[in-house]
$ cat protein-v2.cif   # mmCIF, C-alpha atoms
data_data
#
loop_
_atom_site.label_atom_id
_atom_site.label_comp_id
_atom_site.auth_asym_id
_atom_site.auth_seq_id
_atom_site.Cartn_x
_atom_site.Cartn_y
_atom_site.Cartn_z
CA MET L 1 112.72 61.70 161.39
CA THR L 2 113.14 60.67 157.74
CA GLN L 3 112.14 62.96 154.89
CA THR L 4 109.28 60.64 153.91
CA SER L 5 107.84 60.47 157.43
CA GLY L 6 108.11 64.26 157.73
CA ILE L 7 106.18 64.75 154.47
CA LEU L 8 103.49 62.24 155.46
CA LEU L 9 103.09 63.85 158.89
CA SER L 10 102.88 67.32 157.33
CA LEU L 11 100.21 66.16 154.87
CA SER L 12 98.18 64.42 157.56
CA VAL L 13 98.39 67.43 159.88
CA ALA L 14 97.39 69.67 156.97
CA MET L 15 94.31 67.58 156.26
CA LEU L 16 93.35 67.25 159.94
CA VAL L 17 93.64 71.00 160.56
CA GLY L 18 91.54 71.65 157.46
CA LEU L 19 88.85 69.20 158.56
CA LEU L 20 88.70 70.58 162.11
CA LEU L 21 88.49 74.16 160.89
CA SER L 22 85.69 73.19 158.49
CA ARG L 23 83.60 72.31 161.56
CA LEU L 24 84.21 75.79 162.99
CA ALA L 25 83.43 77.33 159.60
CA LYS L 26 80.08 75.58 159.56
CA LYS L 27 79.18 77.25 162.88
CA VAL L 28 79.60 80.68 161.29
CA SER L 29 78.06 79.68 157.92
CA LEU L 30 81.32 79.79 155.96
CA PRO L 31 82.01 77.31 153.13
CA ALA L 32 84.40 74.47 153.95
CA VAL L 33 86.79 75.60 151.21
CA THR L 34 87.40 78.86 153.12
CA ALA L 35 88.31 76.82 156.21
CA TYR L 36 90.76 74.69 154.20
CA LEU L 37 92.48 77.81 152.84
CA ILE L 38 92.78 79.36 156.31
CA ALA L 39 94.15 76.04 157.62
CA GLY L 40 96.78 76.17 154.88
CA ILE L 41 97.82 79.67 155.92
CA LEU L 42 98.12 78.55 159.57
CA ILE L 43 100.35 75.54 158.83
CA GLY L 44 102.20 77.25 155.96
CA PRO L 45 105.71 78.74 155.78
CA PHE L 46 104.61 82.06 157.31
CA CYS L 47 103.07 80.54 160.46
CA LEU L 48 103.73 77.06 161.88
CA GLY L 49 105.96 76.15 158.95
CA ALA L 50 108.37 78.90 160.01
CA ILE L 51 109.19 76.91 163.17
CA GLY L 52 110.94 74.31 161.01
CA ILE L 53 109.84 71.23 162.97
CA ASP L 54 108.88 68.24 160.80
CA GLY L 55 105.24 67.29 161.10
CA ILE L 56 104.20 70.58 162.73
CA GLY L 57 103.93 72.81 159.67
CA VAL L 58 104.71 72.93 155.97
CA THR L 59 107.97 74.52 154.79
CA VAL L 60 108.66 76.19 151.45
CA HIS L 61 110.81 73.21 150.43
CA GLN L 62 107.98 70.76 151.16
CA LEU L 63 105.49 72.85 149.17
CA GLU L 64 107.59 72.36 146.05
CA GLY L 65 107.18 68.60 146.42
CA PHE L 66 103.40 68.92 146.85
CA SER L 67 102.89 70.39 143.37
CA ILE L 68 101.90 66.95 142.03
CA ILE L 69 98.89 66.97 144.40
CA SER L 70 97.75 70.32 143.00
CA ASP L 71 98.18 69.10 139.40
CA VAL L 72 96.16 65.96 140.08
CA ALA L 73 93.43 67.84 141.98
CA LEU L 74 93.01 70.39 139.19
CA GLY L 75 92.80 67.53 136.70
CA PHE L 76 89.88 65.93 138.57
CA ILE L 77 88.19 69.31 139.02
CA ALA L 78 88.38 69.97 135.28
CA PHE L 79 87.19 66.40 134.56
CA ALA L 80 84.14 66.99 136.76
CA MET L 81 83.41 70.28 135.01
CA GLY L 82 83.43 68.49 131.67
CA ASN L 83 80.32 66.71 132.90
CA GLU L 84 78.48 70.05 132.62
CA PHE L 85 78.81 69.98 128.82
CA ARG L 86 76.30 67.23 128.16
CA LEU L 87 74.60 67.76 124.81
CA ALA L 88 71.13 67.70 126.36
CA GLN L 89 72.12 70.50 128.72
CA LEU L 90 74.03 72.46 126.08
CA LYS L 91 70.94 72.57 123.87
CA LYS L 92 69.17 74.33 126.71
CA ILE L 93 71.85 76.78 127.95
CA GLY L 94 74.79 76.32 125.56
CA LYS L 95 74.30 79.56 123.61
CA GLN L 96 73.76 81.64 126.74
CA ALA L 97 76.76 80.14 128.58
CA THR L 98 79.03 80.60 125.55
CA VAL L 99 78.12 84.25 125.06
CA ILE L 100 78.37 85.03 128.78
CA GLY L 101 81.66 83.14 129.19
CA ILE L 102 83.35 85.04 126.36
CA VAL L 103 81.81 88.49 126.86
CA GLN L 104 82.33 88.78 130.63
CA ALA L 105 85.97 87.64 130.33
CA ILE L 106 86.80 90.20 127.62
CA PHE L 107 84.75 92.92 129.35
CA THR L 108 86.70 92.32 132.58
CA THR L 109 90.02 92.61 130.75
CA ILE L 110 88.97 95.91 129.16
CA VAL L 111 87.80 97.38 132.49
CA VAL L 112 90.91 96.30 134.43
CA ASP L 113 93.28 97.35 131.63
CA ALA L 114 91.63 100.79 131.35
CA ILE L 115 91.74 101.49 135.09
CA LEU L 116 95.28 100.16 135.58
CA ILE L 117 96.61 102.07 132.56
CA ILE L 118 95.20 105.26 134.11
CA LEU L 119 96.91 104.26 137.37
CA HIS L 120 100.14 103.72 135.40
CA LEU L 121 99.93 107.29 134.07
CA ILE L 122 99.56 108.54 137.65
CA ILE L 123 102.34 106.39 139.21
CA PRO L 124 104.50 105.12 136.30
CA HIS L 125 107.41 104.33 138.68
CA LYS L 126 105.24 101.82 140.60
CA LEU L 127 103.17 100.22 137.83
CA SER L 128 104.57 99.85 134.30
CA LEU L 129 102.44 99.66 131.16
CA PRO L 130 103.39 96.01 130.41
CA ALA L 131 102.44 95.01 133.98
CA ALA L 132 99.09 96.81 133.69
CA ILE L 133 98.29 95.03 130.42
CA ILE L 134 99.17 91.60 131.81
CA LEU L 135 97.11 92.15 134.97
CA GLY L 136 94.11 92.90 132.78
CA SER L 137 94.40 89.44 131.22
CA VAL L 138 95.04 87.74 134.59
CA ALA L 139 91.74 89.25 135.75
CA THR L 140 89.80 86.99 133.35
CA ALA L 141 90.66 83.82 135.27
CA THR L 142 88.15 82.37 137.73
CA ALA L 143 88.79 79.58 140.26
CA PRO L 144 86.85 76.53 139.10
CA ALA L 145 87.99 74.55 142.15
CA ALA L 146 86.48 76.88 144.75
CA THR L 147 83.27 77.29 142.77
CA LEU L 148 82.81 73.56 142.27
CA MET L 149 83.59 72.84 145.92
CA VAL L 150 80.90 75.25 147.14
CA ILE L 151 78.34 73.80 144.72
CA LYS L 152 79.09 70.25 145.85
CA GLN L 153 79.15 71.05 149.56
CA TYR L 154 75.73 72.70 149.51
CA LYS L 155 74.29 70.57 146.68
CA ALA L 156 73.33 73.73 144.79
CA LYS L 157 70.90 73.14 141.98
CA GLY L 158 69.03 75.41 139.59
CA PRO L 159 69.38 77.68 136.52
CA LEU L 160 72.18 79.79 138.05
CA THR L 161 74.26 76.73 138.95
CA GLU L 162 73.66 75.14 135.54
CA THR L 163 74.87 78.32 133.83
CA LEU L 164 77.74 79.01 136.23
CA LEU L 165 79.79 75.84 135.69
CA PRO L 166 80.08 76.02 131.87
CA VAL L 167 80.71 79.78 132.12
CA VAL L 168 83.62 79.18 134.53
CA ALA L 169 85.03 76.53 132.20
CA LEU L 170 84.78 78.79 129.14
CA ASP L 171 86.09 81.70 131.19
CA ASP L 172 89.42 79.98 131.79
CA ALA L 173 89.71 78.90 128.14
CA VAL L 174 89.18 82.49 126.98
CA GLY L 175 91.48 83.71 129.74
CA LEU L 176 94.37 81.56 128.53
CA ILE L 177 94.07 83.04 125.02
CA VAL L 178 93.72 86.63 126.27
CA PHE L 179 96.70 86.18 128.60
CA ALA L 180 98.91 84.75 125.86
CA ILE L 181 98.08 87.70 123.59
CA SER L 182 98.58 90.25 126.39
CA PHE L 183 101.84 88.58 127.40
CA GLY L 184 103.08 88.82 123.81
CA ILE L 185 102.16 92.52 123.66
CA ALA L 186 103.93 93.16 126.98
CA LYS L 187 107.07 91.43 125.70
CA SER L 188 106.89 93.52 122.53
CA LEU L 189 106.70 96.74 124.59
CA ASN L 190 109.82 95.67 126.50
CA THR L 191 111.83 94.56 123.47
CA GLY L 192 110.46 97.02 120.92
CA SER L 193 109.58 94.26 118.40
CA VAL L 194 106.36 92.34 117.76
CA ASP L 195 106.54 88.53 117.84
CA ILE L 196 103.46 87.15 116.03
CA LYS L 197 104.49 83.63 116.97
CA SER L 198 104.15 84.20 120.71
CA VAL L 199 101.18 86.59 120.42
CA VAL L 200 98.95 84.50 118.15
CA LEU L 201 100.33 81.10 117.11
CA GLU L 202 101.45 79.60 120.44
CA PRO L 203 98.29 80.44 122.45
CA LEU L 204 96.04 79.09 119.68
CA LEU L 205 98.12 75.92 119.46
CA GLU L 206 97.91 75.45 123.23
CA VAL L 207 94.11 75.62 123.18
CA VAL L 208 93.64 73.46 120.07
CA LEU L 209 96.16 70.79 121.11
CA SER L 210 94.80 70.64 124.66
CA LEU L 211 91.27 70.08 123.38
CA ALA L 212 92.52 67.50 120.89
CA LEU L 213 94.45 65.64 123.62
CA GLY L 214 91.37 65.61 125.85
CA ALA L 215 89.14 64.39 123.01
CA ILE L 216 91.48 61.49 122.15
CA MET L 217 91.79 60.48 125.80
CA GLY L 218 88.01 60.72 126.22
CA LEU L 219 87.40 58.35 123.32
CA LEU L 220 90.03 55.89 124.61
CA PHE L 221 88.44 56.10 128.09
CA THR L 222 85.02 55.29 126.62
CA ILE L 223 86.39 52.24 124.78
CA CYS L 224 88.45 50.99 127.73
CA GLU L 225 85.58 51.32 130.21
CA GLN L 226 83.64 48.58 128.41
CA PHE L 227 86.21 45.92 129.36
CA PHE L 228 85.57 46.22 133.11
CA HIS L 229 82.47 45.40 135.12
CA SER L 230 83.31 45.54 138.84
CA ARG L 231 82.76 48.85 140.64
CA SER L 232 86.31 49.07 141.98
CA LYS L 233 87.99 48.45 138.62
CA ARG L 234 85.67 50.84 136.79
CA MET L 235 86.52 53.56 139.29
CA ALA L 236 90.22 52.71 138.88
CA VAL L 237 89.87 53.14 135.11
CA SER L 238 88.37 56.61 135.66
CA VAL L 239 91.25 57.62 137.92
CA THR L 240 93.79 56.15 135.49
CA PHE L 241 92.62 58.22 132.52
CA VAL L 242 92.46 61.47 134.48
CA LEU L 243 96.01 60.91 135.77
CA MET L 244 97.19 59.96 132.27
CA THR L 245 95.65 63.08 130.75
CA VAL L 246 97.25 65.28 133.42
CA GLY L 247 100.59 63.57 132.77
CA PHE L 248 100.44 64.16 129.00
CA SER L 249 99.27 67.77 129.44
CA LEU L 250 102.29 68.62 131.61
CA MET L 251 104.63 67.81 128.71
CA SER L 252 106.07 70.61 126.57
CA PHE L 253 108.54 70.81 123.70
CA GLU L 254 109.61 72.94 120.74
CA ILE L 255 109.12 72.31 117.03
CA GLY L 256 110.80 74.67 114.59
CA GLY L 257 111.26 77.31 117.30
CA VAL L 258 107.54 77.18 118.24
CA HIS L 259 106.81 76.28 121.84
CA ILE L 260 104.25 73.48 122.12
CA GLY L 261 102.47 73.22 125.46
CA PHE L 262 99.16 72.04 126.87
CA SER L 263 96.65 73.23 129.44
CA SER L 264 95.76 70.43 131.87
CA LEU L 265 92.50 72.24 132.69
CA LEU L 266 91.34 72.29 129.07
CA ALA L 267 92.57 68.75 128.35
CA CYS L 268 90.85 67.20 131.39
CA MET L 269 87.72 69.24 130.80
CA MET L 270 87.51 67.90 127.25
CA LEU L 271 88.21 64.39 128.59
CA GLY L 272 85.12 64.72 130.81
CA THR L 273 83.04 66.30 128.04
CA ILE L 274 83.73 63.55 125.49
CA PHE L 275 83.31 60.79 128.04
CA CYS L 276 80.01 62.06 129.48
CA ASN L 277 78.51 62.31 125.98
CA ALA L 278 79.95 59.10 124.53
CA CYS L 279 79.45 56.71 127.46
CA ASP L 280 75.97 55.64 128.55
CA VAL L 281 77.05 55.04 132.17
CA SER L 282 79.33 58.07 132.49
CA GLU L 283 77.27 59.66 135.28
CA GLU L 284 77.83 56.68 137.58
CA LEU L 285 81.59 56.59 136.92
CA MET L 286 82.03 60.34 137.36
CA ASP L 287 80.16 60.16 140.65
CA ARG L 288 82.51 57.41 141.88
CA ALA L 289 85.55 59.46 140.84
CA ASP L 290 84.19 62.41 142.83
CA ARG L 291 84.05 60.29 145.98
CA TRP L 292 87.60 59.02 145.46
CA THR L 293 89.00 62.54 145.08
CA ALA L 294 87.47 64.12 148.23
CA PRO L 295 90.69 63.84 150.34
CA ILE L 296 92.82 65.08 147.42
CA LEU L 297 90.64 68.18 147.03
CA ILE L 298 90.90 68.97 150.75
CA LEU L 299 94.69 68.70 150.52
CA PHE L 300 94.67 70.84 147.38
CA PHE L 301 92.94 73.73 149.12
CA VAL L 302 95.05 73.44 152.27
CA ILE L 303 98.21 73.45 150.13
CA SER L 304 96.83 76.40 148.14
CA GLY L 305 96.41 78.30 151.41
CA ALA L 306 99.97 77.42 152.46
CA GLU L 307 101.29 78.73 149.13
CA LEU L 308 99.78 82.19 149.66
CA ASP L 309 102.69 84.57 150.20
CA LEU L 310 101.88 86.82 153.18
CA SER L 311 105.03 88.88 152.57
CA VAL L 312 103.13 90.88 149.93
CA PHE L 313 101.53 92.79 152.82
CA ALA L 314 104.92 94.35 153.53
CA ASP L 315 104.76 96.48 150.35
CA VAL L 316 102.26 99.35 150.58
CA ALA L 317 102.40 99.91 146.80
CA VAL L 318 101.43 96.29 146.12
CA ILE L 319 98.48 96.59 148.52
CA ALA L 320 97.31 99.86 146.95
CA ILE L 321 97.55 98.57 143.38
CA GLY L 322 96.08 95.25 144.52
CA VAL L 323 93.02 96.99 145.98
CA VAL L 324 92.48 98.85 142.69
CA TYR L 325 92.89 95.57 140.78
CA ILE L 326 90.38 93.76 143.02
CA ILE L 327 87.78 96.53 142.74
CA SER L 328 88.16 96.90 138.95
CA ARG L 329 88.08 93.12 138.39
CA SER L 330 84.98 92.77 140.57
CA ILE L 331 83.27 95.54 138.58
CA GLY L 332 84.23 93.85 135.31
CA LYS L 333 83.00 90.41 136.38
CA TYR L 334 79.74 91.67 137.90
CA PHE L 335 78.66 93.99 135.10
CA GLY L 336 80.17 91.86 132.31
CA ALA L 337 78.19 88.83 133.44
CA GLY L 338 75.06 90.88 134.13
CA ILE L 339 75.04 92.65 130.76
CA SER L 340 75.73 89.50 128.73
CA ALA L 341 73.13 87.55 130.74
CA ARG L 342 70.55 90.26 130.05
CA VAL L 343 71.39 90.26 126.32
CA THR L 344 70.95 86.47 126.13
CA LYS L 345 67.62 86.78 128.01
CA CYS L 346 68.60 84.81 131.11
CA SER L 347 66.43 84.70 134.21
CA PRO L 348 66.56 87.65 136.68
CA GLU L 349 68.45 85.50 139.21
CA ILE L 350 71.24 84.78 136.73
CA ILE L 351 71.45 88.45 135.69
CA LYS L 352 71.67 89.58 139.32
CA TYR L 353 73.90 86.94 140.91
CA LEU L 354 76.10 85.31 138.24
CA GLY L 355 78.79 87.99 138.39
CA ILE L 356 79.23 87.51 142.15
CA THR L 357 79.83 83.77 141.73
CA LEU L 358 82.67 84.49 139.26
CA LEU L 359 84.82 86.39 141.77
CA PRO L 360 86.94 83.51 143.25
CA GLN L 361 90.42 83.44 141.71
CA ALA L 362 93.33 81.07 142.30
CA GLY L 363 95.25 78.40 140.37
CA VAL L 364 94.92 79.60 136.78
CA ALA L 365 95.67 83.21 137.76
CA LEU L 366 98.75 82.11 139.73
CA GLY L 367 99.92 80.08 136.74
CA MET L 368 99.64 83.19 134.57
CA ALA L 369 101.54 85.23 137.17
CA ILE L 370 104.37 82.68 137.24
CA LYS L 371 104.61 82.85 133.43
CA ALA L 372 104.74 86.67 133.69
CA MET L 373 107.92 86.38 135.80
CA GLU L 374 109.78 85.99 132.50
CA LEU L 375 109.43 89.78 132.12
CA GLY L 376 111.72 90.47 135.07
CA SER L 377 110.73 93.39 137.31
CA ASP L 378 107.39 93.86 135.50
CA GLY L 379 106.60 90.20 136.05
CA ALA L 380 107.49 90.47 139.74
CA ILE L 381 104.91 93.25 140.18
CA VAL L 382 102.28 91.12 138.39
CA ARG L 383 103.09 88.15 140.61
CA ASN L 384 102.89 90.09 143.88
CA ILE L 385 99.63 91.84 142.99
CA THR L 386 98.11 88.54 141.82
CA LEU L 387 99.20 86.87 145.07
CA PHE L 388 97.58 89.65 147.09
CA ALA L 389 94.35 89.45 145.06
CA VAL L 390 94.21 85.66 145.25
CA LEU L 391 94.64 85.82 149.03
CA VAL L 392 91.62 88.15 149.30
CA TYR L 393 89.49 86.42 146.66
CA GLU L 394 90.09 82.90 147.96
CA ILE L 395 89.05 83.83 151.50
CA VAL L 396 86.06 86.01 150.53
CA GLY L 397 85.07 84.53 147.13
CA PRO L 398 83.66 81.16 148.26
CA TYR L 399 81.52 82.90 150.90
CA LEU L 400 80.15 85.34 148.32
CA THR L 401 79.45 82.44 145.94
CA LYS L 402 77.49 80.68 148.67
CA ARG L 403 75.52 83.85 149.48
CA ALA L 404 74.70 84.42 145.81
CA LEU L 405 73.51 80.83 145.27
CA THR L 406 71.47 81.01 148.47
CA ALA L 407 69.89 84.33 147.46
CA ALA L 408 69.03 82.79 144.07
CA GLY L 409 67.21 79.99 145.93
CA GLU L 410 69.57 77.24 144.72
CA ILE L 411 71.01 76.23 148.10
CA LYS L 412 68.53 74.53 150.38
CA THR L 413 69.82 74.34 153.96
CA GLU L 414 66.93 72.29 155.22
CA GLY L 415 66.93 68.53 155.02
CA ARG L 416 70.72 68.13 155.39
CA VAL L 417 71.46 65.15 157.66
CA SER L 418 74.60 63.83 159.32
CA ALA L 419 75.91 60.71 157.55
CA ARG L 420 77.22 59.53 160.93
CA ASP L 421 73.84 59.96 162.67
CA GLU L 422 72.09 58.35 159.71
CA HIS L 423 74.34 55.28 159.96
CA ILE L 424 73.82 54.96 163.73
CA ALA L 425 70.04 55.19 163.29
CA LYS L 426 70.18 52.49 160.62
CA LYS L 427 72.19 50.15 162.89
CA LYS L 428 69.72 50.70 165.74
CA ALA L 429 66.81 49.92 163.44
CA GLU L 430 68.50 46.70 162.29
CA SER L 431 69.19 45.68 165.92
CA ALA L 432 65.57 46.34 166.91
CA ALA L 433 64.31 44.25 163.99
CA GLU L 434 66.42 41.29 165.15
#
$ encode --input "protein-v2.cif" --output "structure tokens"
Amino acid sequence: MTQTSGILLSLSVAMLVGLLLSRLAKKVSLPAVTAYLIAGILIGPFCLGAIGIDGIGVTVHQLEGFSIISDVALGFIAFAMGNEFRLAQLKKIGKQATVIGIVQAIFTTIVVDAILIILHLIIPHKLSLPAAIILGSVATATAPAATLMVIKQYKAKGPLTETLLPVVALDDAVGLIVFAISFGIAKSLNTGSVDIKSVVLEPLLEVVLSLALGAIMGLLFTICEQFFHSRSKRMAVSVTFVLMTVGFSLMSFEIGGVHIGFSSLLACMMLGTIFCNACDVSEELMDRADRWTAPILILFFVISGAELDLSVFADVAVIAIGVVYIISRSIGKYFGAGISARVTKCSPEIIKYLGITLLPQAGVALGMAIKAMELGSDGAIVRNITLFAVLVYEIVGPYLTKRALTAAGEIKTEGRVSARDEHIAKKKAESAAE
């Protein structure tokens, strides 16, 4: 079996297992995204992938080659979230979402930092001060992919959903800044010297340049869209600009000793924001892009499940610290969102349930953990605890998000029909008419 055929078989098996498990998940009222993640674990390096037979499971080596799928999927997810920043909608909830997005992220960092620093004083040989500080910033990140997937699957609609999406988007933007600052402080504690460049300048540049890149690409997308009229070509243009923005945002370089990098999430989110406000037919094009990306998103979640490192369960200290991290982060998210929602005079449903919907954590947090590896042993602790937390949050988080949206009355289970049954009924009606 050639390498290419092995990869294609692994990807197709991954998608098929995810789809089949999503049917079982529906029977027990679990979101499809949870089924995809479990499918990834089953076919990943710690289960079927350990057998080493091409086409049966996914090996560690193959996962490295699948990173492009994750990058592309996150780009489309961020692009779709940009659609939530339409000016008409921002006038209605913009102030509330901005305040909540910033306050709950910072509040979560403070809560997690405080609790983990106390834990550091109790067991300094297991959890260092730099690791505790970095974990506090990692706690800010929320998983936009899981949240968006649940909303789309159940067609959630209402004040909570309208507030949730921009809050998640802002949450990750704030999280990137908080992490960069915390990472700089942690490095300073290890080296004994403060580097203003890495603490302040580089994170600010990353945010500003990412937003600028997204804005430029959004304007170019709006201009280019006008030259095409067929549905297929217009959809192709949408896909082209998302891929192009992801490609540019993965570039990095140094100027005068200053590291210049981009966030693909922020860039693609700004791409969607500019496009949805500048183009009169943006809603139609974004809807077509959503349909095109459905298989990619399924693969993304299955691959994400396969990437979860089950070996972290072998270390009791990681589990213990991980449990404390999960509890403290959950407290921070729940009360941070609730307090800021109450201050901005949101509806009772938003105050009560928004914090629960912010619990899922994945890609952005893992990216932060990988960056933290530069700190050596401290970074390794951060990575392992983040992996443990992501494993728990990604399995439980989507279900809790669904429950919260249902309790808020924004998921209507009635009236959902099978597209297959609907098509068969239509064909029968056409045959009877003939």
$ closest_atom_pairs --input "protein-v2.cif" --of "stretch 63-102 of chain L" --to "stretch 174-190 of chain L" --cutoff "12 Å" --atoms "all atoms listed in the file" --output "tab-separated table"
residue	atom	partner	partner_atom	distance
L:Thr98	CA	L:Val174	CA	10.4
L:Val99	CA	L:Val174	CA	11.4
L:Ile100	CA	L:Val174	CA	11.2
L:Gly101	CA	L:Val174	CA	7.9
L:Ile102	CA	L:Val174	CA	6.4
$ resolve_selection --input "protein-v2.cif" --expression "the PyMOL selection byres ((chain L and resi 82-92) around 8)" --output "VMD selection string"
chain L and resid 78 to 81 93 to 95 162 165 to 166 268 to 274 276 to 277 286
$ axis_aligned_box --input "protein-v2.cif" --around "stretch 168-173 of chain L" --padding-each-side "6 Å" --output "lines of an AutoDock Vina configuration file"
center_x = 86.7
center_y = 79.1
center_z = 131.3
size_x = 18.1
size_y = 17.2
size_z = 18.4
$ resolve_selection --input "protein-v2.cif" --expression "the PyMOL selection byres ((chain L and resi 386-392) around 8)" --output "number ranges by chain"
L: 135, 138, 308-310, 312-313, 318-319, 322-323, 325-326, 360-362, 365-366, 369, 382-385, 393-397
$ resolve_selection --input "protein-v2.cif" --expression "the PyMOL selection byres ((chain L and resi 296) around 10)" --output "ChimeraX atom specification"
/L:15,69-70,72-74,76,292-295,297-302
$ residues_near_point --input "protein-v2.cif" --point "(70.4, 82.0, 153.2)" --cutoff "12 Å" --atoms "only C-alpha atoms" --output "PDB file with C-alpha atoms, in the frame of the given file"
ATOM      1  CA  SER L  29      78.060  79.680 157.920  1.00  0.00           C
ATOM      2  CA  LEU L  30      81.320  79.790 155.960  1.00  0.00           C
ATOM      3  CA  TYR L 154      75.730  72.700 149.510  1.00  0.00           C
ATOM      4  CA  TYR L 399      81.520  82.900 150.900  1.00  0.00           C
ATOM      5  CA  LEU L 400      80.150  85.340 148.320  1.00  0.00           C
ATOM      6  CA  THR L 401      79.450  82.440 145.940  1.00  0.00           C
ATOM      7  CA  LYS L 402      77.490  80.680 148.670  1.00  0.00           C
ATOM      8  CA  ARG L 403      75.520  83.850 149.480  1.00  0.00           C
ATOM      9  CA  ALA L 404      74.700  84.420 145.810  1.00  0.00           C
ATOM     10  CA  LEU L 405      73.510  80.830 145.270  1.00  0.00           C
ATOM     11  CA  THR L 406      71.470  81.010 148.470  1.00  0.00           C
ATOM     12  CA  ALA L 407      69.890  84.330 147.460  1.00  0.00           C
ATOM     13  CA  ALA L 408      69.030  82.790 144.070  1.00  0.00           C
ATOM     14  CA  GLY L 409      67.210  79.990 145.930  1.00  0.00           C
ATOM     15  CA  GLU L 410      69.570  77.240 144.720  1.00  0.00           C
ATOM     16  CA  ILE L 411      71.010  76.230 148.100  1.00  0.00           C
ATOM     17  CA  LYS L 412      68.530  74.530 150.380  1.00  0.00           C
ATOM     18  CA  THR L 413      69.820  74.340 153.960  1.00  0.00           C
ATOM     19  CA  GLU L 414      66.930  72.290 155.220  1.00  0.00           C
TER      20      GLU L 414
END
$ closest_residue --input "protein-v2.cif" --among "L:Met235, L:Leu204, L:Ala50, L:Ala306" --to "L:Glu283" --atoms "only C-alpha atoms"
L:Met235
$ atom_distance --input "protein-v2.cif" --atom1 "atom CA of L:Gly332" --atom2 "atom CA of L:Ser377"
26.6 Å
$ closest_residue --input "protein-v2.cif" --among "L:Phe262, L:Phe335, L:Tyr353, L:Phe107" --to "L:Leu205" --atoms "only C-alpha atoms"
L:Phe262
$ residues_around --input "protein-v2.cif" --residues "L:Glu225" --least-positions-apart "5" --cutoff "9 Å" --atoms "only C-alpha atoms" --output "list of chain:residue names"
L:Leu220, L:Arg234, L:Val237, L:Ser238, L:Cys279
$ closest_residue --input "protein-v2.cif" --among "L:Ser431, L:Thr357, L:Ser328, L:Thr222" --to "L:Ala143" --atoms "all atoms listed in the file"
L:Thr357
$ closest_residue --input "protein-v2.cif" --among "L:Leu48, L:Ala25, L:Val281, L:Ile223" --to "L:Ser10" --atoms "all atoms listed in the file"
L:Leu48
$ atom_distance --input "protein-v2.cif" --atom1 "atom CA of L:Ile51" --atom2 "atom CA of L:Ile38"
18.0 Å
$ closest_residue --input "protein-v2.cif" --among "L:Leu285, L:Ala337, L:Ala432, L:Ala35" --to "L:Ser230" --atoms "only C-alpha atoms"
L:Leu285
$ decode --input "protein-v2.cif" --residues "stretch 159-178 of chain L" --atoms "C-alpha atoms" --output "PDB file, in the first residue's frame"
ATOM      1  CA  PRO L 159     -30.445  36.341  22.484  1.00  0.00           C
ATOM      2  CA  LEU L 160     -28.033  33.873  24.140  1.00  0.00           C
ATOM      3  CA  THR L 161     -26.784  32.543  20.791  1.00  0.00           C
ATOM      4  CA  GLU L 162     -26.455  36.057  19.359  1.00  0.00           C
ATOM      5  CA  THR L 163     -24.345  37.091  22.358  1.00  0.00           C
ATOM      6  CA  LEU L 164     -22.339  33.869  22.588  1.00  0.00           C
ATOM      7  CA  LEU L 165     -20.662  33.924  19.164  1.00  0.00           C
ATOM      8  CA  PRO L 166     -19.133  37.428  19.352  1.00  0.00           C
ATOM      9  CA  VAL L 167     -18.124  36.771  22.975  1.00  0.00           C
ATOM     10  CA  VAL L 168     -16.260  33.597  21.927  1.00  0.00           C
ATOM     11  CA  ALA L 169     -14.541  35.513  19.133  1.00  0.00           C
ATOM     12  CA  LEU L 170     -13.483  38.350  21.456  1.00  0.00           C
ATOM     13  CA  ASP L 171     -12.527  35.821  24.116  1.00  0.00           C
ATOM     14  CA  ASP L 172      -9.832  34.296  21.914  1.00  0.00           C
ATOM     15  CA  ALA L 173      -8.524  37.719  20.868  1.00  0.00           C
ATOM     16  CA  VAL L 174      -8.169  38.765  24.512  1.00  0.00           C
ATOM     17  CA  GLY L 175      -6.741  35.349  25.340  1.00  0.00           C
ATOM     18  CA  LEU L 176      -3.926  35.712  22.810  1.00  0.00           C
ATOM     19  CA  ILE L 177      -2.878  39.029  24.375  1.00  0.00           C
ATOM     20  CA  VAL L 178      -3.133  37.739  27.959  1.00  0.00           C
TER      21      VAL L 178
END
